Amino acid sequence: MNTFPQLSETSRSQLAAMAQSVNGIVAAIVATSDGREIASLTSGDFSIGKLTAIASTIHALGKAVSAEARFAECDNVIVESPSGKIIFMEIPGSRELLLMVIAGKGSAFGSLLLACRTCCQTIGATDPSPQPRAGNASTQTTEYTK
Amino acid sequence: MPTTHYKIVLAGPMGAGKTTAIRAISEIEPIDTEAFNTERERFDKVGTTVAMDYGELTISDDEKLMLYGAPGQERFDFMWPILAKGALGILLLINNAAPDPLDDLVYYATRFRAAIAQSVLVVGVGRTEQNATPSLGDHADRLAALGIFCPVLAVDVRRQDDVLLLMDALLTQIETGLEQEVTAA
């Protein structure tokens, strides 16, 4: 059952557009906040299911530590490594969605961050429902090569 | 200020009451990481823990419990060994109203086996008043078949006294274990 057909298709096309606009993206996932995949793109051998669950966990921990630090919100969590960067970003709207992007060391951080924000805003702008919806999220995985 | 800290991990399937149990006894506002549950057709609850819960309970002038709740769903199993590392006690909560509570028991006891081997285990079985079977004895028998012998108690995780009783059972086992280690040394 595909509960989010339009969302899944929109997310998949936005992920593809983002991957085309920035060098070095090796995986990108749109997920529900409870760790279920909506759409993904990957050019590597990744376990999308596992990454999706971890994205949900990392983002939740980011929100928890932000709350303890008396920050109003947690927009994104960034992991930096000599091998690259991983960005976890909240998609605006009522559907409680997340974007996770893994980029290799060839990516420019500023461009990557901007592309992630643009992607989130575009997906968020399609939010048709005032409340999060229950049910099965659809999943789509697309292989691509830069 | 407490000088001895006991790390306790609450494990078990989604809906067993781990978050509620921590909330029932924590003396601090618990940290929770609940996300909107998109699987309402499988689990009839609004939120689900996706990282961990955390609470604290001072039990004497120099002893404090640090309570960690593990996410129940299998896709978050990468968090289980992270949270279980260094735990002195595992509290496994089982929902007796679930379709197969004994399967849940065996699954989580097996998945936390390494942590249980390094600590102590107490099992709390919830919703036994409305669901008398399987009995607490059935749960104990299934654990015994795995070579695990531990207290199995009924619990209503909403009741502070019930959860404190489980903690007492854990602490008794932990302290007994520590005494044995001292004696052995």
# chains A, B, ... in the order shown; residues from 1 in each chain; ligands from 1
call {"tool": "residues_around", "arguments": {"residues": "B:Val157", "least_positions_apart": "2", "cutoff": "10 Å", "atoms": "only C-alpha atoms", "output": "VMD selection string"}}
result
chain B and resid 16 to 25 93 124 to 127 154 to 155 159 to 164 166
call {"tool": "interface_residues", "arguments": {"of": "chain A", "to": "chain B", "cutoff": "10 Å", "atoms": "only C-alpha atoms", "output": "ChimeraX atom specification"}}
result
/A:32-36,49-65,67-68,95-97,132-137
call {"tool": "write_last_selection", "arguments": {"atoms": "N, CA, C and O atoms", "output": "tab-separated table (two decimals), in the first residue's frame"}}
result
chain	number	residue	atom	x	y	z
A	32	THR	N	10.50	9.24	7.21
A	32	THR	CA	9.61	9.70	8.28
A	32	THR	C	10.43	9.84	9.55
A	32	THR	O	11.50	9.24	9.68
A	33	SER	N	9.92	10.60	10.51
A	33	SER	CA	10.69	10.82	11.74
A	33	SER	C	10.79	9.56	12.58
A	33	SER	O	11.60	9.49	13.49
A	34	ASP	N	9.97	8.55	12.29
A	34	ASP	CA	10.11	7.28	13.02
A	34	ASP	C	10.87	6.24	12.19
A	34	ASP	O	10.78	5.05	12.43
A	35	GLY	N	11.64	6.72	11.23
A	35	GLY	CA	12.62	5.86	10.60
A	35	GLY	C	12.14	4.97	9.47
A	35	GLY	O	12.63	3.87	9.31
A	36	ARG	N	11.20	5.47	8.68
A	36	ARG	CA	10.75	4.70	7.53
A	36	ARG	C	11.04	5.48	6.25
A	36	ARG	O	10.86	6.70	6.19
A	49	GLY	N	17.72	0.94	4.52
A	49	GLY	CA	16.86	0.73	5.69
A	49	GLY	C	17.56	1.09	6.98
A	49	GLY	O	16.99	1.76	7.86
A	50	LYS	N	18.80	0.65	7.11
A	50	LYS	CA	19.55	0.94	8.34
A	50	LYS	C	19.86	2.43	8.44
A	50	LYS	O	19.71	3.03	9.51
A	51	LEU	N	20.27	3.03	7.33
A	51	LEU	CA	20.57	4.47	7.36
A	51	LEU	C	19.32	5.28	7.70
A	51	LEU	O	19.40	6.29	8.41
A	52	THR	N	18.19	4.84	7.20
A	52	THR	CA	16.94	5.56	7.48
A	52	THR	C	16.63	5.54	8.98
A	52	THR	O	16.26	6.56	9.57
A	53	ALA	N	16.79	4.38	9.60
A	53	ALA	CA	16.54	4.27	11.04
A	53	ALA	C	17.54	5.13	11.81
A	53	ALA	O	17.16	5.84	12.77
A	54	ILE	N	18.80	5.08	11.41
A	54	ILE	CA	19.82	5.88	12.11
A	54	ILE	C	19.53	7.37	11.95
A	54	ILE	O	19.70	8.14	12.89
A	55	ALA	N	19.07	7.77	10.76
A	55	ALA	CA	18.73	9.18	10.54
A	55	ALA	C	17.69	9.65	11.55
A	55	ALA	O	17.79	10.74	12.13
A	56	SER	N	16.70	8.81	11.74
A	56	SER	CA	15.64	9.15	12.70
A	56	SER	C	16.21	9.28	14.11
A	56	SER	O	15.88	10.20	14.86
A	57	THR	N	17.09	8.35	14.47
A	57	THR	CA	17.69	8.37	15.81
A	57	THR	C	18.57	9.60	16.00
A	57	THR	O	18.46	10.30	17.02
A	58	ILE	N	19.44	9.87	15.02
A	58	ILE	CA	20.36	11.01	15.15
A	58	ILE	C	19.57	12.31	15.25
A	58	ILE	O	19.86	13.19	16.07
A	59	HIS	N	18.56	12.43	14.40
A	59	HIS	CA	17.78	13.67	14.43
A	59	HIS	C	17.06	13.82	15.78
A	59	HIS	O	17.00	14.92	16.35
A	60	ALA	N	16.53	12.72	16.30
A	60	ALA	CA	15.85	12.77	17.60
A	60	ALA	C	16.83	13.16	18.71
A	60	ALA	O	16.48	13.94	19.61
A	61	LEU	N	18.04	12.63	18.64
A	61	LEU	CA	19.04	13.00	19.64
A	61	LEU	C	19.43	14.47	19.49
A	61	LEU	O	19.67	15.16	20.50
A	62	GLY	N	19.50	14.95	18.26
A	62	GLY	CA	19.78	16.37	18.04
A	62	GLY	C	18.71	17.25	18.67
A	62	GLY	O	19.02	18.27	19.31
A	63	LYS	N	17.47	16.84	18.50
A	63	LYS	CA	16.37	17.60	19.11
A	63	LYS	C	16.44	17.54	20.64
A	63	LYS	O	16.19	18.53	21.33
A	64	ALA	N	16.79	16.34	21.15
A	64	ALA	CA	16.84	16.18	22.61
A	64	ALA	C	17.94	17.04	23.21
A	64	ALA	O	17.73	17.71	24.23
A	65	VAL	N	19.12	17.03	22.60
A	65	VAL	CA	20.22	17.81	23.17
A	65	VAL	C	19.95	19.31	22.97
A	65	VAL	O	20.31	20.13	23.83
A	67	ALA	N	17.01	20.68	23.08
A	67	ALA	CA	16.05	21.04	24.14
A	67	ALA	C	16.76	21.19	25.48
A	67	ALA	O	16.47	22.13	26.25
A	68	GLU	N	17.70	20.29	25.77
A	68	GLU	CA	18.44	20.40	27.03
A	68	GLU	C	19.29	21.66	27.07
A	68	GLU	O	19.54	22.23	28.13
A	95	ARG	N	4.33	16.89	8.34
A	95	ARG	CA	4.45	15.44	8.14
A	95	ARG	C	5.61	14.82	8.88
A	95	ARG	O	5.79	13.61	8.83
A	96	GLU	N	6.41	15.63	9.57
A	96	GLU	CA	7.53	15.14	10.36
A	96	GLU	C	8.46	14.27	9.52
A	96	GLU	O	8.67	13.09	9.79
A	97	LEU	N	9.02	14.89	8.50
A	97	LEU	CA	9.92	14.19	7.59
A	97	LEU	C	11.35	14.70	7.77
A	97	LEU	O	11.57	15.82	8.25
A	132	PRO	N	0.15	14.98	10.62
A	132	PRO	CA	0.86	13.82	10.12
A	132	PRO	C	-0.11	12.67	9.88
A	132	PRO	O	-1.09	12.53	10.59
A	133	ARG	N	0.18	11.88	8.86
A	133	ARG	CA	-0.71	10.80	8.50
A	133	ARG	C	-0.14	9.47	8.92
A	133	ARG	O	1.05	9.22	8.80
A	134	ALA	N	-1.02	8.59	9.39
A	134	ALA	CA	-0.58	7.25	9.73
A	134	ALA	C	-0.69	6.37	8.51
A	134	ALA	O	-1.39	6.68	7.56
A	135	GLY	N	0.02	5.23	8.56
A	135	GLY	CA	-0.09	4.28	7.46
A	135	GLY	C	1.26	3.96	6.87
A	135	GLY	O	2.28	4.43	7.33
A	136	ASN	N	1.25	3.12	5.87
A	136	ASN	CA	2.50	2.69	5.25
A	136	ASN	C	3.08	3.79	4.38
A	136	ASN	O	2.43	4.29	3.49
A	137	ALA	N	4.32	4.11	4.63
A	137	ALA	CA	5.02	5.02	3.74
A	137	ALA	C	5.53	4.22	2.55
A	137	ALA	O	5.99	3.11	2.71
call {"tool": "select_by_dssp", "arguments": {"residues": "chain A", "states": "strand (DSSP E or B)", "output": "MDAnalysis selection string"}}
result
chainID A and resid 25:32 37:42 76:81 84:91 97:104 141:143
call {"tool": "write_last_selection", "arguments": {"atoms": "N, CA, C and O atoms", "output": "short mmCIF file (atom, residue, chain, number, x, y, z; two decimals), in the first residue's frame"}}
result
data_model
loop_
_atom_site.label_atom_id
_atom_site.label_comp_id
_atom_site.auth_asym_id
_atom_site.auth_seq_id
_atom_site.Cartn_x
_atom_site.Cartn_y
_atom_site.Cartn_z
N ILE A 25 27.55 13.81 -3.73
CA ILE A 25 26.49 13.14 -2.97
C ILE A 25 26.47 11.66 -3.35
O ILE A 25 26.35 11.32 -4.52
N VAL A 26 26.59 10.81 -2.34
CA VAL A 26 26.61 9.37 -2.61
C VAL A 26 25.33 8.68 -2.11
O VAL A 26 25.05 7.54 -2.51
N ALA A 27 24.61 9.34 -1.25
CA ALA A 27 23.32 8.79 -0.81
C ALA A 27 22.45 9.91 -0.28
O ALA A 27 22.95 10.86 0.34
N ALA A 28 21.18 9.82 -0.52
CA ALA A 28 20.23 10.81 -0.01
C ALA A 28 18.91 10.10 0.25
O ALA A 28 18.47 9.28 -0.56
N ILE A 29 18.33 10.41 1.40
CA ILE A 29 17.12 9.70 1.82
C ILE A 29 16.11 10.71 2.36
O ILE A 29 16.47 11.61 3.12
N VAL A 30 14.87 10.54 1.99
CA VAL A 30 13.76 11.23 2.67
C VAL A 30 13.06 10.18 3.51
O VAL A 30 12.71 9.10 3.01
N ALA A 31 12.88 10.47 4.79
CA ALA A 31 12.36 9.47 5.73
C ALA A 31 11.32 10.09 6.64
O ALA A 31 11.28 11.30 6.83
N THR A 32 10.50 9.24 7.21
CA THR A 32 9.61 9.70 8.28
C THR A 32 10.43 9.84 9.55
O THR A 32 11.50 9.24 9.68
N GLU A 37 11.47 4.76 5.25
CA GLU A 37 11.90 5.39 4.01
C GLU A 37 10.72 5.86 3.17
O GLU A 37 9.76 5.14 2.97
N ILE A 38 10.84 7.09 2.66
CA ILE A 38 9.88 7.61 1.69
C ILE A 38 10.45 7.49 0.29
O ILE A 38 9.81 7.03 -0.64
N ALA A 39 11.71 7.93 0.15
CA ALA A 39 12.40 7.84 -1.14
C ALA A 39 13.89 7.91 -0.89
O ALA A 39 14.34 8.45 0.12
N SER A 40 14.67 7.38 -1.81
CA SER A 40 16.12 7.43 -1.64
C SER A 40 16.83 7.39 -2.98
O SER A 40 16.27 6.93 -3.98
N LEU A 41 18.06 7.89 -2.95
CA LEU A 41 18.97 7.79 -4.09
C LEU A 41 20.30 7.29 -3.55
O LEU A 41 20.71 7.71 -2.48
N THR A 42 20.96 6.45 -4.26
CA THR A 42 22.28 6.03 -3.81
C THR A 42 23.14 5.64 -4.99
O THR A 42 22.65 5.10 -5.98
N ASN A 76 19.13 21.07 11.93
CA ASN A 76 19.89 20.01 11.28
C ASN A 76 21.02 19.53 12.17
O ASN A 76 21.40 20.20 13.13
N VAL A 77 21.51 18.36 11.87
CA VAL A 77 22.66 17.77 12.56
C VAL A 77 23.69 17.44 11.48
O VAL A 77 23.32 16.89 10.43
N ILE A 78 24.93 17.81 11.73
CA ILE A 78 25.97 17.61 10.72
C ILE A 78 27.10 16.76 11.29
O ILE A 78 27.59 17.03 12.40
N VAL A 79 27.48 15.74 10.58
CA VAL A 79 28.62 14.91 10.94
C VAL A 79 29.74 15.23 9.95
O VAL A 79 29.52 15.14 8.73
N GLU A 80 30.91 15.62 10.44
CA GLU A 80 32.05 15.90 9.57
C GLU A 80 33.13 14.87 9.82
O GLU A 80 33.42 14.50 10.97
N SER A 81 33.69 14.41 8.74
CA SER A 81 34.73 13.38 8.81
C SER A 81 35.72 13.66 7.69
O SER A 81 35.37 14.31 6.68
N GLY A 84 34.19 12.75 4.47
CA GLY A 84 33.06 13.46 3.90
C GLY A 84 32.15 14.04 4.98
O GLY A 84 32.56 14.24 6.12
N LYS A 85 30.93 14.28 4.58
CA LYS A 85 29.97 14.90 5.50
C LYS A 85 28.62 14.20 5.40
O LYS A 85 28.24 13.69 4.34
N ILE A 86 27.93 14.21 6.54
CA ILE A 86 26.57 13.66 6.57
C ILE A 86 25.67 14.73 7.18
O ILE A 86 25.99 15.27 8.25
N ILE A 87 24.60 15.03 6.50
CA ILE A 87 23.68 16.07 6.97
C ILE A 87 22.31 15.44 7.23
O ILE A 87 21.78 14.70 6.39
N PHE A 88 21.78 15.73 8.40
CA PHE A 88 20.42 15.34 8.77
C PHE A 88 19.62 16.62 8.91
O PHE A 88 19.96 17.48 9.73
N MET A 89 18.58 16.77 8.14
CA MET A 89 17.85 18.04 8.12
C MET A 89 16.34 17.78 8.21
O MET A 89 15.83 16.87 7.55
N GLU A 90 15.68 18.61 9.01
CA GLU A 90 14.23 18.47 9.15
C GLU A 90 13.55 19.14 7.97
O GLU A 90 13.89 20.26 7.59
N ILE A 91 12.58 18.47 7.40
CA ILE A 91 11.80 19.03 6.29
C ILE A 91 10.62 19.79 6.89
O ILE A 91 9.87 19.22 7.70
N LEU A 97 9.02 14.89 8.50
CA LEU A 97 9.92 14.19 7.59
C LEU A 97 11.35 14.70 7.77
O LEU A 97 11.57 15.82 8.25
N LEU A 98 12.29 13.87 7.37
CA LEU A 98 13.71 14.18 7.48
C LEU A 98 14.40 13.97 6.15
O LEU A 98 14.00 13.11 5.36
N LEU A 99 15.47 14.72 5.96
CA LEU A 99 16.36 14.48 4.83
C LEU A 99 17.72 14.07 5.39
O LEU A 99 18.22 14.69 6.34
N MET A 100 18.28 13.02 4.84
CA MET A 100 19.64 12.62 5.18
C MET A 100 20.45 12.60 3.90
O MET A 100 20.02 12.01 2.90
N VAL A 101 21.62 13.24 3.94
CA VAL A 101 22.48 13.27 2.76
C VAL A 101 23.90 12.87 3.17
O VAL A 101 24.44 13.40 4.15
N ILE A 102 24.47 11.94 2.44
CA ILE A 102 25.87 11.56 2.65
C ILE A 102 26.66 12.05 1.44
O ILE A 102 26.30 11.75 0.29
N ALA A 103 27.73 12.81 1.73
CA ALA A 103 28.54 13.36 0.64
C ALA A 103 30.01 13.03 0.89
O ALA A 103 30.48 13.05 2.03
N GLY A 104 30.71 12.72 -0.17
CA GLY A 104 32.14 12.43 -0.07
C GLY A 104 32.95 13.69 0.13
O GLY A 104 32.41 14.80 0.16
N THR A 141 13.75 3.44 -4.34
CA THR A 141 15.19 3.58 -4.38
C THR A 141 15.63 3.65 -5.82
O THR A 141 15.19 2.86 -6.65
N THR A 142 16.46 4.63 -6.13
CA THR A 142 16.93 4.80 -7.50
C THR A 142 18.44 4.81 -7.52
O THR A 142 19.09 5.49 -6.75
N GLU A 143 19.02 4.03 -8.38
CA GLU A 143 20.46 4.05 -8.58
C GLU A 143 20.80 5.19 -9.54
O GLU A 143 20.06 5.44 -10.50
#
call {"tool": "residues_around", "arguments": {"residues": "B:Ile148", "least_positions_apart": "3", "cutoff": "9 Å", "atoms": "only C-alpha atoms", "output": "PyMOL selection string"}}
result
chain B and resi 109+116+121+140+142-145
call {"tool": "select_by_dssp", "arguments": {"residues": "stretch 66-158 of chain B", "states": "helix (DSSP H, G or I)", "output": "ChimeraX atom specification"}}
result
/B:74-76,79-84,101-111,113-117,136-145
call {"tool": "closest_residue", "arguments": {"among": "B:Ala87, B:Leu67, B:Leu102, B:Ala169", "to": "B:Ala117", "atoms": "only C-alpha atoms"}}
result
B:Ala87
call {"tool": "atom_distance", "arguments": {"atom1": "atom CA of B:Leu136", "atom2": "atom CA of B:Gly177"}}
result
23.9 Å
